[in-house]
$ cat work.cif   # mmCIF, C-alpha atoms
data_coords
#
loop_
_atom_site.label_atom_id
_atom_site.label_comp_id
_atom_site.auth_asym_id
_atom_site.auth_seq_id
_atom_site.Cartn_x
_atom_site.Cartn_y
_atom_site.Cartn_z
CA MET A 18 -7.20 25.33 20.60
CA ARG A 19 -7.37 27.40 17.46
CA SER A 20 -4.57 29.69 18.65
CA ILE A 21 -2.40 26.66 19.42
CA ALA A 22 -2.99 25.31 15.91
CA ILE A 23 -2.10 28.69 14.43
CA GLU A 24 1.08 28.81 16.51
CA LYS A 25 2.03 25.32 15.35
CA ARG A 26 1.50 26.23 11.72
CA THR A 27 3.49 29.45 12.17
CA SER A 28 6.31 27.53 13.87
CA ALA A 29 6.33 24.90 11.13
CA GLY A 30 6.44 27.64 8.49
CA SER A 31 9.33 29.36 10.29
CA ASN A 32 11.26 26.09 10.50
CA ARG A 33 10.76 25.48 6.79
CA HIS A 34 11.97 28.97 5.94
CA PHE A 35 14.99 28.53 8.20
CA LEU A 36 15.89 25.23 6.51
CA ILE A 37 15.47 26.79 3.08
CA ILE A 38 17.81 29.66 4.01
CA ILE A 39 20.43 27.24 5.38
CA SER A 40 20.25 25.11 2.22
CA LEU A 41 20.56 28.14 -0.04
CA ILE A 42 23.60 29.34 1.95
CA ILE A 43 25.24 25.92 1.55
CA VAL A 44 24.53 25.87 -2.19
CA PHE A 45 25.88 29.42 -2.55
CA LEU A 46 29.08 28.53 -0.67
CA LEU A 47 29.57 25.49 -2.87
CA TYR A 48 29.15 27.68 -5.92
CA LEU A 49 31.65 30.24 -4.62
CA SER A 50 34.15 27.54 -3.75
CA SER A 51 34.17 26.34 -7.34
CA THR A 52 34.30 29.75 -9.03
CA THR A 53 36.35 32.07 -6.82
CA GLY A 54 39.49 32.20 -4.75
CA LEU A 55 37.61 30.53 -1.89
CA SER A 56 38.38 27.20 -3.59
CA SER A 57 41.68 27.15 -1.71
CA VAL A 58 39.72 27.15 1.56
CA PHE A 59 37.38 24.35 0.41
CA SER A 60 40.04 22.29 -1.32
CA THR A 61 39.98 19.11 0.77
CA ALA A 62 39.30 15.90 -1.09
CA LYS A 63 36.22 15.12 1.00
CA LEU A 64 34.62 18.48 0.28
CA GLN A 65 35.23 17.96 -3.42
CA VAL A 66 33.48 14.58 -3.16
CA PHE A 67 30.63 16.22 -1.22
CA LYS A 68 30.17 18.83 -3.93
CA MET A 69 30.29 16.24 -6.69
CA VAL A 70 27.78 13.91 -5.01
CA PHE A 71 25.42 16.72 -3.98
CA ILE A 72 25.36 18.34 -7.41
CA SER A 73 25.08 15.00 -9.24
CA ILE A 74 22.06 13.98 -7.12
CA ILE A 75 20.34 17.31 -7.74
CA ILE A 76 21.04 17.17 -11.49
CA GLU A 77 19.92 13.54 -11.67
CA ALA A 78 16.72 14.00 -9.68
CA LEU A 79 15.63 17.48 -10.78
CA PRO A 80 14.18 16.46 -14.18
CA PHE A 81 12.04 13.83 -12.48
CA VAL A 82 10.85 16.29 -9.83
CA LEU A 83 9.86 18.69 -12.60
CA ILE A 84 7.98 15.92 -14.40
CA GLY A 85 6.30 14.98 -11.14
CA VAL A 86 5.14 18.49 -10.26
CA PHE A 87 3.77 19.07 -13.77
CA VAL A 88 1.94 15.74 -13.64
CA SER A 89 0.62 16.78 -10.24
CA ALA A 90 -0.54 20.16 -11.58
CA ILE A 91 -2.20 18.58 -14.63
CA LEU A 92 -4.00 16.12 -12.36
CA GLN A 93 -5.17 19.00 -10.16
CA VAL A 94 -6.63 21.03 -13.05
CA PHE A 95 -7.76 18.51 -15.68
CA VAL A 96 -8.53 15.25 -13.80
CA THR A 97 -11.69 15.04 -11.75
CA ASP A 98 -12.41 12.87 -8.71
CA GLN A 99 -14.88 10.85 -10.79
CA MET A 100 -12.18 9.98 -13.36
CA ILE A 101 -9.87 8.61 -10.66
CA GLN A 102 -12.66 6.65 -9.01
CA ARG A 103 -13.71 5.10 -12.33
CA PHE A 104 -10.12 4.13 -13.20
CA ILE A 105 -9.28 2.37 -9.90
CA PRO A 106 -10.97 -1.05 -9.52
CA LYS A 107 -12.87 -1.64 -6.28
CA ASN A 108 -11.16 -5.00 -5.75
CA PRO A 109 -7.93 -4.34 -3.77
CA PHE A 110 -5.89 -6.91 -5.71
CA LEU A 111 -6.99 -5.47 -9.05
CA GLY A 112 -6.37 -1.97 -7.68
CA ILE A 113 -2.77 -2.90 -6.91
CA ILE A 114 -2.38 -4.34 -10.42
CA ALA A 115 -3.70 -1.03 -11.81
CA ALA A 116 -1.12 0.87 -9.72
CA SER A 117 1.63 -1.29 -11.19
CA VAL A 118 0.39 -0.47 -14.70
CA LEU A 119 0.54 3.23 -13.82
CA GLY A 120 4.28 2.79 -13.27
CA ILE A 121 4.61 1.52 -16.84
CA ILE A 122 2.53 4.40 -18.23
CA PHE A 123 4.37 7.07 -16.17
CA PRO A 124 8.04 5.94 -16.13
CA ILE A 125 9.33 8.38 -13.49
CA CYS A 126 11.37 7.78 -10.36
CA GLU A 127 10.28 8.27 -6.75
CA CYS A 128 11.31 11.95 -6.86
CA GLY A 129 8.56 12.65 -9.37
CA MET A 130 5.95 10.25 -7.99
CA VAL A 131 5.73 11.64 -4.47
CA PRO A 132 4.40 15.10 -5.46
CA ALA A 133 1.95 13.55 -7.94
CA ILE A 134 0.59 10.99 -5.49
CA ARG A 135 -0.67 13.59 -2.99
CA LYS A 136 -3.03 15.00 -5.61
CA LEU A 137 -4.20 11.51 -6.59
CA ILE A 138 -5.07 10.64 -2.98
CA LYS A 139 -6.96 13.91 -2.54
CA LYS A 140 -8.91 13.12 -5.71
CA GLY A 141 -10.03 9.74 -4.40
CA MET A 142 -7.24 7.25 -5.06
CA PRO A 143 -7.24 4.69 -2.19
CA LEU A 144 -4.20 4.86 0.08
CA TYR A 145 -3.16 1.25 -0.59
CA VAL A 146 -3.16 1.90 -4.36
CA ALA A 147 -1.11 5.06 -3.90
CA VAL A 148 1.41 3.21 -1.71
CA THR A 149 1.76 0.48 -4.33
CA PHE A 150 2.32 3.12 -7.02
CA ILE A 151 5.05 4.83 -4.97
CA LEU A 152 6.84 1.55 -4.21
CA VAL A 153 6.67 -0.31 -7.50
CA GLY A 154 6.47 2.59 -9.97
CA PRO A 155 10.17 3.57 -9.77
CA ILE A 156 11.19 -0.01 -10.63
CA LEU A 157 8.45 -1.62 -12.72
CA ASN A 158 8.77 0.60 -15.76
CA PRO A 159 10.37 0.10 -19.19
CA ILE A 160 13.27 2.53 -18.67
CA VAL A 161 14.48 0.77 -15.51
CA PHE A 162 13.96 -2.66 -17.04
CA LEU A 163 16.07 -1.77 -20.09
CA SER A 164 18.81 -0.16 -17.97
CA THR A 165 18.99 -3.29 -15.77
CA LEU A 166 19.12 -5.56 -18.84
CA THR A 167 21.90 -3.42 -20.27
CA ALA A 168 23.93 -3.49 -17.05
CA PHE A 169 23.50 -7.26 -16.66
CA ARG A 170 23.45 -8.17 -20.34
CA ASN A 171 25.24 -11.45 -19.63
CA GLN A 172 22.83 -12.30 -16.79
CA PRO A 173 19.36 -11.11 -17.85
CA VAL A 174 17.77 -13.18 -15.08
CA VAL A 175 18.81 -10.43 -12.64
CA ALA A 176 16.49 -7.95 -14.39
CA TYR A 177 13.56 -10.37 -14.27
CA TYR A 178 14.09 -11.18 -10.60
CA ARG A 179 14.35 -7.48 -9.80
CA MET A 180 11.00 -6.74 -11.44
CA GLY A 181 9.37 -9.79 -9.87
CA LEU A 182 10.57 -9.10 -6.32
CA ALA A 183 9.56 -5.42 -6.56
CA PHE A 184 6.05 -6.38 -7.67
CA ILE A 185 5.62 -9.03 -4.95
CA VAL A 186 6.83 -6.70 -2.18
CA ALA A 187 4.58 -3.86 -3.35
CA LEU A 188 1.63 -6.27 -3.63
CA ILE A 189 2.09 -7.56 -0.05
CA VAL A 190 2.63 -4.09 1.44
CA GLY A 191 -0.36 -2.71 -0.47
CA LEU A 192 -2.61 -5.49 0.83
CA ILE A 193 -1.40 -4.92 4.41
CA VAL A 194 -2.15 -1.19 4.11
CA PHE A 195 -5.60 -2.03 2.70
CA GLN A 196 -6.35 -4.40 5.56
CA PHE A 197 -4.98 -2.48 8.54
CA VAL A 198 -4.68 1.25 7.69
CA LYS A 199 -8.14 2.79 7.54
CA SER A 200 -7.54 6.39 8.61
CA ASN A 201 -6.35 9.31 6.51
CA GLN A 202 -2.54 9.47 6.46
CA LEU A 203 -1.98 12.73 4.58
CA ARG A 204 -0.05 15.21 6.68
CA ASP A 205 -1.79 18.39 5.51
CA GLN A 206 -5.41 17.30 5.81
CA VAL A 207 -6.19 18.63 9.26
CA ASP A 208 -9.76 19.68 8.51
CA GLN A 209 -11.06 17.16 6.00
CA THR A 210 -14.49 18.76 5.60
CA LYS A 211 -13.12 22.19 4.74
CA GLU A 212 -10.48 20.62 2.51
CA ASN A 213 -13.04 18.67 0.49
CA HIS A 214 -15.41 21.66 0.25
CA HIS A 215 -12.61 23.90 -1.04
CA HIS A 216 -11.37 21.16 -3.36
CA HIS A 217 -14.77 20.62 -5.02
CA ASP A 218 -15.34 24.37 -5.38
CA HIS A 219 -11.90 24.76 -6.96
CA GLN A 220 -12.55 21.82 -9.28
CA HIS A 221 -15.84 23.39 -10.39
CA ASP A 222 -14.05 26.68 -11.05
CA THR A 223 -11.27 25.10 -13.10
CA ALA A 224 -13.73 23.00 -15.10
CA SER A 225 -15.37 26.17 -16.43
CA LEU A 226 -12.11 27.96 -17.26
CA PRO A 227 -10.96 28.44 -20.89
CA VAL A 228 -8.11 26.20 -22.02
CA LYS A 229 -5.60 29.08 -21.90
CA ASN A 230 -6.50 29.86 -18.30
CA LYS A 231 -6.27 26.18 -17.40
CA PHE A 232 -2.66 26.08 -18.59
CA ILE A 233 -1.90 29.19 -16.52
CA GLU A 234 -3.47 27.38 -13.56
CA VAL A 235 -1.24 24.35 -14.27
CA LEU A 236 1.87 26.54 -14.23
CA GLY A 237 0.82 28.13 -10.95
CA HIS A 238 0.27 24.75 -9.28
CA ALA A 239 3.53 23.39 -10.69
CA VAL A 240 5.59 26.30 -9.35
CA SER A 241 4.00 26.00 -5.90
CA GLU A 242 4.52 22.23 -5.82
CA PHE A 243 8.12 22.54 -7.03
CA PHE A 244 9.13 24.82 -4.17
CA GLU A 245 7.23 22.61 -1.71
CA MET A 246 8.97 19.38 -2.78
CA GLY A 247 12.26 20.87 -3.98
CA LYS A 248 13.46 21.80 -0.49
CA TYR A 249 13.10 18.20 0.64
CA LEU A 250 15.14 17.07 -2.34
CA VAL A 251 17.88 19.54 -1.34
CA PHE A 252 17.83 18.39 2.31
CA GLY A 253 17.99 14.74 1.28
CA SER A 254 20.80 15.38 -1.18
CA ILE A 255 22.86 17.15 1.50
CA ILE A 256 22.41 14.22 3.91
CA VAL A 257 23.29 11.65 1.23
CA ALA A 258 26.41 13.59 0.21
CA LEU A 259 27.53 13.89 3.85
CA LEU A 260 27.04 10.16 4.44
CA GLN A 261 29.05 9.28 1.36
CA ILE A 262 32.08 11.22 2.62
CA ILE A 263 31.72 9.92 6.19
CA VAL A 264 30.98 6.23 5.54
CA SER A 265 33.77 4.24 3.91
CA GLN A 266 32.23 2.08 1.19
CA ASN A 267 35.34 -0.13 1.06
CA SER A 268 34.95 -1.07 4.71
CA LEU A 269 31.27 -1.86 4.10
CA ILE A 270 32.14 -4.10 1.18
CA GLU A 271 34.63 -6.06 3.27
CA LEU A 272 31.88 -6.91 5.77
CA GLY A 273 29.43 -8.35 3.26
CA ASN A 274 31.06 -11.24 1.49
CA SER A 275 28.24 -13.76 1.98
CA GLY A 276 25.19 -14.73 3.99
CA PRO A 277 22.30 -12.53 5.17
CA ALA A 278 24.78 -9.81 6.18
CA ALA A 279 25.54 -9.14 2.52
CA ASN A 280 21.84 -8.69 1.72
CA ILE A 281 21.30 -6.30 4.64
CA LEU A 282 24.47 -4.44 3.80
CA MET A 283 23.52 -3.88 0.17
CA MET A 284 20.01 -2.81 1.15
CA GLY A 285 21.57 -0.30 3.55
CA LEU A 286 23.91 0.90 0.83
CA GLY A 287 20.93 1.43 -1.47
CA PHE A 288 19.23 3.45 1.27
CA ILE A 289 22.32 5.61 1.84
CA LEU A 290 23.32 6.20 -1.78
CA SER A 291 19.75 7.11 -2.81
CA LEU A 292 20.50 6.47 -6.47
CA CYS A 293 17.89 6.97 -9.16
CA SER A 294 16.33 3.66 -10.23
CA THR A 295 17.36 4.30 -13.83
CA SER A 296 21.06 4.26 -12.96
CA ASP A 297 21.53 2.06 -9.87
CA ALA A 298 21.89 -1.12 -11.95
CA PHE A 299 25.26 0.07 -13.25
CA VAL A 300 26.50 0.58 -9.68
CA ALA A 301 25.26 -2.90 -8.77
CA GLN A 302 26.95 -4.37 -11.83
CA SER A 303 30.29 -2.93 -10.73
CA LEU A 304 29.97 -4.83 -7.43
CA GLN A 305 28.95 -8.23 -8.80
CA THR A 306 32.43 -9.71 -8.33
CA ILE A 307 32.17 -9.06 -4.58
CA PHE A 308 28.49 -9.54 -3.72
CA THR A 309 25.96 -12.27 -4.46
CA LYS A 310 23.28 -11.65 -7.07
CA SER A 311 20.57 -11.84 -4.39
CA SER A 312 22.19 -9.02 -2.42
CA LEU A 313 22.54 -6.91 -5.59
CA ILE A 314 18.83 -7.43 -6.29
CA GLY A 315 18.11 -6.30 -2.73
CA PHE A 316 20.16 -3.17 -3.45
CA MET A 317 18.20 -2.48 -6.65
CA VAL A 318 14.77 -3.11 -5.07
CA PHE A 319 15.07 -1.58 -1.59
CA GLY A 320 17.05 1.51 -2.65
CA PRO A 321 14.48 2.91 -5.12
CA MET A 322 11.60 2.07 -2.76
CA ILE A 323 13.11 3.44 0.46
CA ASN A 324 15.98 5.92 0.49
CA ILE A 325 16.98 9.08 2.34
CA LYS A 326 15.74 11.70 -0.10
CA GLY A 327 12.58 9.70 -0.78
CA ILE A 328 11.75 9.45 2.93
CA LEU A 329 12.14 13.20 3.38
CA MET A 330 9.79 13.80 0.46
CA MET A 331 7.29 11.26 1.79
CA LEU A 332 7.39 12.94 5.20
CA ALA A 333 6.18 16.11 3.47
CA VAL A 334 3.09 14.21 2.30
CA PHE A 335 2.37 11.44 4.85
CA ARG A 336 2.32 11.25 8.63
CA SER A 337 5.58 10.16 10.26
CA ARG A 338 4.19 6.92 11.76
CA PHE A 339 2.86 5.82 8.41
CA VAL A 340 6.21 6.46 6.71
CA LEU A 341 7.93 4.44 9.47
CA LEU A 342 5.43 1.61 8.93
CA LEU A 343 6.13 1.59 5.18
CA CYS A 344 9.91 1.54 5.71
CA THR A 345 9.64 -1.37 8.16
CA LEU A 346 7.35 -3.44 5.94
CA VAL A 347 9.45 -2.90 2.83
CA PHE A 348 12.67 -3.76 4.69
CA ILE A 349 11.22 -7.01 6.07
CA PHE A 350 9.76 -8.28 2.81
CA VAL A 351 12.70 -7.27 0.59
CA LEU A 352 15.05 -9.02 3.02
CA ILE A 353 12.88 -12.16 3.02
CA GLY A 354 12.76 -12.08 -0.78
CA THR A 355 16.54 -11.79 -1.11
CA LEU A 356 17.03 -14.66 1.35
CA VAL A 357 14.67 -16.81 -0.73
CA LEU A 358 16.66 -15.94 -3.86
CA GLN A 359 19.87 -16.74 -2.01
CA SER A 360 18.48 -20.15 -1.04
CA ILE A 361 18.14 -21.04 -4.72
CA ASN A 362 21.80 -20.09 -5.23
CA LEU A 363 21.15 -16.85 -7.04
#
$ encode --input "work.cif" --output "structure tokens"
Amino acid sequence: MRSIAIEKRTSAGSNRHFLIIISLIIVFLLYLSSTTGLSSVFSTAKLQVFKMVFISIIIEALPFVLIGVFVSAILQVFVTDQMIQRFIPKNPFLGIIAASVLGIIFPICECGMVPAIRKLIKKGMPLYVAVTFILVGPILNPIVFLSTLTAFRNQPVVAYYRMGLAFIVALIVGLIVFQFVKSNQLRDQVDQTKENHHHHDHQHDTASLPVKNKFIEVLGHAVSEFFEMGKYLVFGSIIVALLQIIVSQNSLIELGNSGPAANILMMGLGFILSLCSTSDAFVAQSLQTIFTKSSLIGFMVFGPMINIKGILMMLAVFRSRFVLLLCTLVFIFVLIGTLVLQSINL
């Protein structure tokens, strides 16, 4: 059994290295095509769009990934299990409220939250609180609220409904996870006993380190976490860029003039585009003459919660079945929420 486990880990490591090499080759070719004579070979309009979308997603998301990995490293070195356990209320409802407040304190998008949340769970944060933080944090924060108000300055109600629906969906999903998901869902915790023993020993070691050495430890963790999560960002960005040159957005818009189809369509568009929650309101605002406000709210709630690059990053942290469960629950409750908003003529 041990040899099989070793083989699986070796195979997984080989697959990761292969994917990293492929991604680096693609990035290198894109660079060459924009700086050398090879641009004549890669001069089609669709490839230019692919390059623009891919690079823009990387540039947009990279600062948040860096913030996330540094937050993760600081949590690893400076925050103890006891601190996390004291901060999170035992009552599940209050715990979910606390997770929502974390989103206000740490205004980062899902790209930065995913790497940080793994450390929080390992340090004792309950899974349902972590899930709430991942879902509502990218939306329920002051930066996103102000950007939505700015985009819909003539219709500020859109910003309030966006915040409200995001909070309600995260609350319901968090309570469902609390009630029905009892087992550990972290992908890399195969041997929990050894993991915890190593973790407590490491925490004891870092607690006794001088401040200078602690900062060196933070940098080491941040670099390791960046390369771990960065490859998933690259994979997700490639997929998103490919979808944007394959799928015609004009044809999608023609299909969603009214009714539930418009809500589903805009939620799907949010999933495909994988825009950062700080900028998606401006895209939604440009479509308000075609789509209903309820469908635009669905776009701005579902997209930041569940999108292609976010799913790939979550798959690096959580088990596949759990990620599928989250996606299904979020889709159902966001859709129901947008239909309720549509029923009140929003």
$ resolve_selection --input "work.cif" --expression "the PyMOL selection byres ((chain A and resi 168) around 12)" --output "list in words"
Val161, Phe162, Leu163, Ser164, Thr165, Leu166, Thr167, Phe169, Arg170, Asn171, Gln172, Pro173, Val174, Val175, Ala176, Thr295, Ser296, Asp297, Ala298, Phe299, Val300, Ala301, Gln302, Ser303, Leu304, Gln305 and Met317 of chain A
$ closest_residue --input "work.cif" --among "A:Pro159, A:Gln65, A:Val235, A:Leu346" --to "Leu192 in chain A" --atoms "only C-alpha atoms"
A:Leu346
$ atom_distance --input "work.cif" --atom1 "CA of Thr345 in chain A" --atom2 "CA of Ile121 in chain A"
25.7 Å
$ closest_residue --input "work.cif" --among "A:Val118, A:Ile255, A:Ala239, A:Cys293" --to "Val94 in chain A" --atoms "only C-alpha atoms"
A:Ala239
$ closest_residue --input "work.cif" --among "A:Gly237, A:Gly354, A:Gly327, A:Pro106" --to "Ile151 in chain A" --atoms "only C-alpha atoms"
A:Gly327
$ closest_residue --input "work.cif" --among "A:Phe243, A:Phe316, A:Tyr177, A:Phe150" --to "Ser294 in chain A" --atoms "all atoms listed in the file"
A:Phe316
$ residues_around --input "work.cif" --residues "range 138-145 of chain A" --least-positions-apart "3" --cutoff "6 Å" --atoms "all atoms listed in the file" --output "VMD selection string"
chain A and resid 98 135 148 191 194 to 195
$ write_last_selection --input "work.cif" --atoms "C-alpha atoms" --output "compact mmCIF listing (two decimals), in the frame of the given file"
# COMPACT_ATOMS: atom_id res chain seq x y z
CA ASP A 98 -12.41 12.87 -8.71
CA ARG A 135 -0.67 13.59 -2.99
CA VAL A 148 1.41 3.21 -1.71
CA GLY A 191 -0.36 -2.71 -0.47
CA VAL A 194 -2.15 -1.19 4.11
CA PHE A 195 -5.60 -2.03 2.70
$ atom_distance --input "work.cif" --atom1 "CA of Val357 in chain A" --atom2 "CA of Ser117 in chain A"
22.8 Å
$ resolve_selection --input "work.cif" --expression "the PyMOL selection byres ((chain A and resi 291) around 8)" --output "list in words"
Val257, Gly287, Phe288, Ile289, Leu290, Leu292, Cys293, Gly320, Pro321, Asn324, Ile325, Lys326 and Gly327 of chain A
$ resolve_selection --input "work.cif" --expression "the PyMOL selection byres ((chain A and resi 352) around 12)" --output "PyMOL selection string"
chain A and resi 182-183+186+276-285+311-316+318-319+345-351+353-359
$ atom_distance --input "work.cif" --atom1 "CA of Ala133 in chain A" --atom2 "CA of Ala90 in chain A"
7.9 Å
$ decode --input "work.cif" --residues "range 100-110 of chain A" --atoms "all heavy atoms" --output "PDB file, in the first residue's frame"
ATOM      1  N   MET A 100      -5.088  31.084  18.704  1.00  0.00           N
ATOM      2  CA  MET A 100      -5.620  32.384  18.269  1.00  0.00           C
ATOM      3  C   MET A 100      -6.828  32.207  17.354  1.00  0.00           C
ATOM      4  O   MET A 100      -7.849  32.895  17.512  1.00  0.00           O
ATOM      5  CB  MET A 100      -4.531  33.175  17.529  1.00  0.00           C
ATOM      6  CG  MET A 100      -3.391  33.652  18.392  1.00  0.00           C
ATOM      7  SD  MET A 100      -2.152  34.545  17.391  1.00  0.00           S
ATOM      8  CE  MET A 100      -0.869  34.827  18.598  1.00  0.00           C
ATOM      9  N   ILE A 101      -6.704  31.295  16.383  1.00  0.00           N
ATOM     10  CA  ILE A 101      -7.807  31.049  15.450  1.00  0.00           C
ATOM     11  C   ILE A 101      -9.020  30.526  16.195  1.00  0.00           C
ATOM     12  O   ILE A 101     -10.161  30.970  15.970  1.00  0.00           O
ATOM     13  CB  ILE A 101      -7.379  30.041  14.367  1.00  0.00           C
ATOM     14  CG1 ILE A 101      -6.258  30.629  13.500  1.00  0.00           C
ATOM     15  CG2 ILE A 101      -8.566  29.644  13.482  1.00  0.00           C
ATOM     16  CD1 ILE A 101      -6.654  31.821  12.672  1.00  0.00           C
ATOM     17  N   GLN A 102      -8.809  29.583  17.107  1.00  0.00           N
ATOM     18  CA  GLN A 102      -9.913  28.977  17.830  1.00  0.00           C
ATOM     19  C   GLN A 102     -10.610  29.974  18.748  1.00  0.00           C
ATOM     20  O   GLN A 102     -11.819  29.890  18.969  1.00  0.00           O
ATOM     21  CB  GLN A 102      -9.413  27.759  18.610  1.00  0.00           C
ATOM     22  CG  GLN A 102      -9.016  26.604  17.699  1.00  0.00           C
ATOM     23  CD  GLN A 102      -8.130  25.580  18.373  1.00  0.00           C
ATOM     24  OE1 GLN A 102      -7.882  25.662  19.580  1.00  0.00           O
ATOM     25  NE2 GLN A 102      -7.633  24.620  17.601  1.00  0.00           N
ATOM     26  N   ARG A 103      -9.846  30.926  19.294  1.00  0.00           N
ATOM     27  CA  ARG A 103     -10.465  31.952  20.138  1.00  0.00           C
ATOM     28  C   ARG A 103     -11.261  32.955  19.312  1.00  0.00           C
ATOM     29  O   ARG A 103     -12.283  33.479  19.757  1.00  0.00           O
ATOM     30  CB  ARG A 103      -9.384  32.694  20.947  1.00  0.00           C
ATOM     31  CG  ARG A 103      -8.873  31.930  22.148  1.00  0.00           C
ATOM     32  CD  ARG A 103      -8.181  32.861  23.132  1.00  0.00           C
ATOM     33  NE  ARG A 103      -7.047  33.541  22.512  1.00  0.00           N
ATOM     34  CZ  ARG A 103      -5.804  33.109  22.567  1.00  0.00           C
ATOM     35  NH1 ARG A 103      -5.520  31.973  23.192  1.00  0.00           N
ATOM     36  NH2 ARG A 103      -4.825  33.790  22.001  1.00  0.00           N
ATOM     37  N   PHE A 104     -10.796  33.226  18.089  1.00  0.00           N
ATOM     38  CA  PHE A 104     -11.451  34.233  17.246  1.00  0.00           C
ATOM     39  C   PHE A 104     -12.779  33.737  16.685  1.00  0.00           C
ATOM     40  O   PHE A 104     -13.742  34.499  16.575  1.00  0.00           O
ATOM     41  CB  PHE A 104     -10.528  34.636  16.100  1.00  0.00           C
ATOM     42  CG  PHE A 104     -11.137  35.626  15.145  1.00  0.00           C
ATOM     43  CD1 PHE A 104     -11.217  36.970  15.466  1.00  0.00           C
ATOM     44  CD2 PHE A 104     -11.664  35.210  13.930  1.00  0.00           C
ATOM     45  CE1 PHE A 104     -11.795  37.883  14.588  1.00  0.00           C
ATOM     46  CE2 PHE A 104     -12.235  36.100  13.046  1.00  0.00           C
ATOM     47  CZ  PHE A 104     -12.303  37.450  13.384  1.00  0.00           C
ATOM     48  N   ILE A 105     -12.865  32.455  16.305  1.00  0.00           N
ATOM     49  CA  ILE A 105     -14.060  31.920  15.660  1.00  0.00           C
ATOM     50  C   ILE A 105     -15.084  31.509  16.712  1.00  0.00           C
ATOM     51  O   ILE A 105     -14.805  30.643  17.544  1.00  0.00           O
ATOM     52  CB  ILE A 105     -13.714  30.710  14.771  1.00  0.00           C
ATOM     53  CG1 ILE A 105     -12.677  31.102  13.722  1.00  0.00           C
ATOM     54  CG2 ILE A 105     -14.968  30.146  14.108  1.00  0.00           C
ATOM     55  CD1 ILE A 105     -13.139  32.177  12.762  1.00  0.00           C
ATOM     56  N   PRO A 106     -16.283  32.101  16.708  1.00  0.00           N
ATOM     57  CA  PRO A 106     -17.321  31.699  17.662  1.00  0.00           C
ATOM     58  C   PRO A 106     -17.741  30.245  17.463  1.00  0.00           C
ATOM     59  O   PRO A 106     -17.684  29.721  16.354  1.00  0.00           O
ATOM     60  CB  PRO A 106     -18.492  32.651  17.332  1.00  0.00           C
ATOM     61  CG  PRO A 106     -17.872  33.779  16.574  1.00  0.00           C
ATOM     62  CD  PRO A 106     -16.712  33.200  15.835  1.00  0.00           C
ATOM     63  N   LYS A 107     -18.152  29.598  18.549  1.00  0.00           N
ATOM     64  CA  LYS A 107     -18.587  28.205  18.467  1.00  0.00           C
ATOM     65  C   LYS A 107     -19.931  28.080  17.756  1.00  0.00           C
ATOM     66  O   LYS A 107     -20.197  27.090  17.068  1.00  0.00           O
ATOM     67  CB  LYS A 107     -18.706  27.608  19.876  1.00  0.00           C
ATOM     68  CG  LYS A 107     -17.398  27.618  20.656  1.00  0.00           C
ATOM     69  CD  LYS A 107     -16.336  26.781  19.984  1.00  0.00           C
ATOM     70  CE  LYS A 107     -15.049  26.752  20.803  1.00  0.00           C
ATOM     71  NZ  LYS A 107     -13.962  26.014  20.124  1.00  0.00           N
ATOM     72  N   ASN A 108     -20.794  29.081  17.907  1.00  0.00           N
ATOM     73  CA  ASN A 108     -22.094  29.061  17.239  1.00  0.00           C
ATOM     74  C   ASN A 108     -21.896  29.191  15.730  1.00  0.00           C
ATOM     75  O   ASN A 108     -21.209  30.109  15.271  1.00  0.00           O
ATOM     76  CB  ASN A 108     -22.960  30.221  17.746  1.00  0.00           C
ATOM     77  CG  ASN A 108     -24.342  30.229  17.128  1.00  0.00           C
ATOM     78  OD1 ASN A 108     -24.514  30.608  15.976  1.00  0.00           O
ATOM     79  ND2 ASN A 108     -25.334  29.815  17.902  1.00  0.00           N
ATOM     80  N   PRO A 109     -22.475  28.248  14.933  1.00  0.00           N
ATOM     81  CA  PRO A 109     -22.214  28.281  13.480  1.00  0.00           C
ATOM     82  C   PRO A 109     -22.684  29.562  12.808  1.00  0.00           C
ATOM     83  O   PRO A 109     -22.013  30.082  11.905  1.00  0.00           O
ATOM     84  CB  PRO A 109     -22.976  27.053  12.956  1.00  0.00           C
ATOM     85  CG  PRO A 109     -23.952  26.707  14.027  1.00  0.00           C
ATOM     86  CD  PRO A 109     -23.312  27.107  15.314  1.00  0.00           C
ATOM     87  N   PHE A 110     -23.831  30.096  13.241  1.00  0.00           N
ATOM     88  CA  PHE A 110     -24.345  31.324  12.631  1.00  0.00           C
ATOM     89  C   PHE A 110     -23.396  32.487  12.906  1.00  0.00           C
ATOM     90  O   PHE A 110     -23.058  33.259  12.006  1.00  0.00           O
ATOM     91  CB  PHE A 110     -25.745  31.632  13.166  1.00  0.00           C
ATOM     92  CG  PHE A 110     -26.392  32.815  12.507  1.00  0.00           C
ATOM     93  CD1 PHE A 110     -27.027  32.677  11.281  1.00  0.00           C
ATOM     94  CD2 PHE A 110     -26.364  34.068  13.099  1.00  0.00           C
ATOM     95  CE1 PHE A 110     -27.623  33.764  10.657  1.00  0.00           C
ATOM     96  CE2 PHE A 110     -26.957  35.161  12.485  1.00  0.00           C
ATOM     97  CZ  PHE A 110     -27.588  35.005  11.271  1.00  0.00           C
TER      98      PHE A 110
END
